[in-house]
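The block underneath contains the structure these notes are about, expressed in structure tokens.
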Amino acid sequence: MSVVLRIPTPLRKYTGGKAEVQAEGVSVREVFDNVETVHRGVKEKVFDESGSIRRFINVFINGEDVRYMQGPETKVKPGDELSIVPAIAGGSSPCCCKGRRG
């Protein structure tokens, strides 16, 4: 049995439009290595040149952020669900009171 990797919309161009792909592996890193052999480009968007998960990408295993586990070395088991979640950065909105006096 394999692991399910959920693919966010911006990365589906690398998976032929698939929202989920199946992959084998004993760690998060190995799952991505195996996904990369079939779906070139996914790993590059998730991992930086040093092999770390990119700063603005989150990877969850069964709903838990792998950064708070063992990162890319977090162990996976058959049936686990991995999710790639791009971080959402907020901006500042102008204050409705800006420039008003009184």
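In the structure tokens, each chain is lettered A, B, ... as it comes, each chain's residues begin at 1, and ligands are numbered from 1 in order of appearance.
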
From chain A, collect each residue whose DSSP state is strand (DSSP E) and return the set as a PyMOL selection string. chain A and resi 3-6+20-23+57-61+64-65+81-86

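Our summary of the geometry notes that CA of Pro10 (chain A) is positioned 13.0 Å from CA of Ile88 (chain A).
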
Kindly indicate which residue among A:Lys43, A:Lys77, A:Val21, A:Val28 lies nearest to Asp65 (chain A), using only C-alpha atoms for the distances. A:Val28

Could you write out, as a list in words, all the residues of chain A that DSSP marks as helix (DSSP H, G or I)?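 Helix (DSSP H, G or I) assignments inside chain A correspond to Thr9, Pro10, Leu11, Arg12, Lys13, Tyr14, Val28, Arg29, Glu30, Val31, Phe32, Asp33, Asn34, Val35, Glu36, Thr37, Val38, Val42, Lys43, Glu44, Lys45, Val46, Val66, Arg67, Tyr68, Gly71, Pro72 and Glu73 of chain A.
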
Would you pick out the contacts of Thr9 (chain A) at 12 Å or less, using only C-alpha atoms, so that residues sharing its chain but fewer than 3 positions from it are not included, and give the list as a list in words?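 Near Thr9 (chain A), the qualifying residues are Arg6, Arg12, Lys13, Tyr14, Thr15, Gly16, Gly17, Lys18, Ala19, Glu20, Val42, Ser83, Ile84, Val85 and Pro86 of chain A.
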
Go ahead and dump the residues you just picked, N, CA and C atoms, as a PDB file, in the first residue's frame.
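Writing the result to part-v4.pdb gives the following:
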```pdb
ATOM      1  N   ARG A   6      -1.436  14.811  -1.631  1.00  0.00           N
ATOM      2  CA  ARG A   6      -2.408  15.773  -2.143  1.00  0.00           C
ATOM      3  C   ARG A   6      -1.651  16.957  -2.754  1.00  0.00           C
ATOM      4  N   ARG A  12      -0.505  21.258  -9.910  1.00  0.00           N
ATOM      5  CA  ARG A  12      -1.152  20.196 -10.680  1.00  0.00           C
ATOM      6  C   ARG A  12      -0.690  20.138 -12.128  1.00  0.00           C
ATOM      7  N   LYS A  13      -0.076  21.204 -12.610  1.00  0.00           N
ATOM      8  CA  LYS A  13       0.453  21.160 -13.982  1.00  0.00           C
ATOM      9  C   LYS A  13       1.577  20.135 -14.086  1.00  0.00           C
ATOM     10  N   TYR A  14       2.198  19.784 -12.953  1.00  0.00           N
ATOM     11  CA  TYR A  14       3.258  18.778 -12.946  1.00  0.00           C
ATOM     12  C   TYR A  14       2.716  17.358 -12.807  1.00  0.00           C
ATOM     13  N   THR A  15       1.449  17.241 -12.437  1.00  0.00           N
ATOM     14  CA  THR A  15       0.846  15.915 -12.223  1.00  0.00           C
ATOM     15  C   THR A  15      -0.239  15.617 -13.251  1.00  0.00           C
ATOM     16  N   GLY A  16      -0.243  16.358 -14.338  1.00  0.00           N
ATOM     17  CA  GLY A  16      -1.256  16.137 -15.358  1.00  0.00           C
ATOM     18  C   GLY A  16      -2.651  16.485 -14.884  1.00  0.00           C
ATOM     19  N   GLY A  17      -2.738  17.429 -13.954  1.00  0.00           N
ATOM     20  CA  GLY A  17      -4.029  17.878 -13.440  1.00  0.00           C
ATOM     21  C   GLY A  17      -4.545  17.085 -12.254  1.00  0.00           C
ATOM     22  N   LYS A  18      -3.807  16.087 -11.828  1.00  0.00           N
ATOM     23  CA  LYS A  18      -4.260  15.248 -10.711  1.00  0.00           C
ATOM     24  C   LYS A  18      -4.160  15.991  -9.379  1.00  0.00           C
ATOM     25  N   ALA A  19      -5.210  15.870  -8.575  1.00  0.00           N
ATOM     26  CA  ALA A  19      -5.233  16.470  -7.246  1.00  0.00           C
ATOM     27  C   ALA A  19      -4.558  15.578  -6.209  1.00  0.00           C
ATOM     28  N   GLU A  20      -4.412  14.302  -6.537  1.00  0.00           N
ATOM     29  CA  GLU A  20      -3.761  13.342  -5.648  1.00  0.00           C
ATOM     30  C   GLU A  20      -2.920  12.387  -6.478  1.00  0.00           C
ATOM     31  N   VAL A  42       7.640  18.643  -9.236  1.00  0.00           N
ATOM     32  CA  VAL A  42       6.959  18.779  -7.939  1.00  0.00           C
ATOM     33  C   VAL A  42       7.975  18.985  -6.822  1.00  0.00           C
ATOM     34  N   SER A  83       0.010  16.242   2.506  1.00  0.00           N
ATOM     35  CA  SER A  83      -0.578  17.383   1.812  1.00  0.00           C
ATOM     36  C   SER A  83       0.466  18.468   1.652  1.00  0.00           C
ATOM     37  N   ILE A  84       0.528  19.032   0.463  1.00  0.00           N
ATOM     38  CA  ILE A  84       1.377  20.193   0.196  1.00  0.00           C
ATOM     39  C   ILE A  84       0.457  21.408   0.297  1.00  0.00           C
ATOM     40  N   VAL A  85       0.824  22.336   1.184  1.00  0.00           N
ATOM     41  CA  VAL A  85      -0.012  23.513   1.377  1.00  0.00           C
ATOM     42  C   VAL A  85       0.856  24.764   1.264  1.00  0.00           C
ATOM     43  N   PRO A  86       0.695  25.523   0.181  1.00  0.00           N
ATOM     44  CA  PRO A  86       1.440  26.783   0.078  1.00  0.00           C
ATOM     45  C   PRO A  86       0.995  27.725   1.194  1.00  0.00           C
TER      46      PRO A  86
END
```

Near Lys75 (chain A), counting only C-alpha atoms, which residues have an atom at most 9 Å away, once you skip same-chain residues fewer than 5 positions from it, shown as a list in words? Gly25, Val26, Ser27, Val28 and Gln70 of chain A

Kindly export the residues of the current selection with C-alpha atoms, as a PDB file, in the first residue's frame.
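Below you can see selection_31.pdb, which holds the result:
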```
ATOM      1  CA  GLY A  25       8.422   5.720   0.557  1.00  0.00           C
ATOM      2  CA  VAL A  26       9.391   5.359   4.199  1.00  0.00           C
ATOM      3  CA  SER A  27       9.968   9.081   4.788  1.00  0.00           C
ATOM      4  CA  VAL A  28       8.529  12.336   3.487  1.00  0.00           C
ATOM      5  CA  GLN A  70      11.286  15.345  11.922  1.00  0.00           C
TER       6      GLN A  70
END
```

Here is a test: counting only C-alpha atoms, which residue of A:Val66, A:Asp48, A:Thr37, A:Ile61 is nearest to Pro78 (chain A)? A:Ile61

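Each of A:Asn34, A:Arg29, A:Thr74, A:Glu64 was checked against Phe47 (chain A) using only C-alpha atoms; the smallest atom-to-atom distance is that of A:Arg29.
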
Separation of CA of Gly71 (chain A) from CA of Val38 (chain A) in Å: 22.8 Å

Return the single residue from A:Val3, A:Arg55, A:Glu81, A:Phe60 that is closest to Glu30 (chain A), with distances computed using only C-alpha atoms. A:Val3

A:Glu73, A:Glu24, A:Glu36, A:Asp80: which is nearest Ile53 (chain A), counting only C-alpha atoms?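 When distances to Ile53 (chain A) are compared using only C-alpha atoms, the smallest one comes from A:Glu73.
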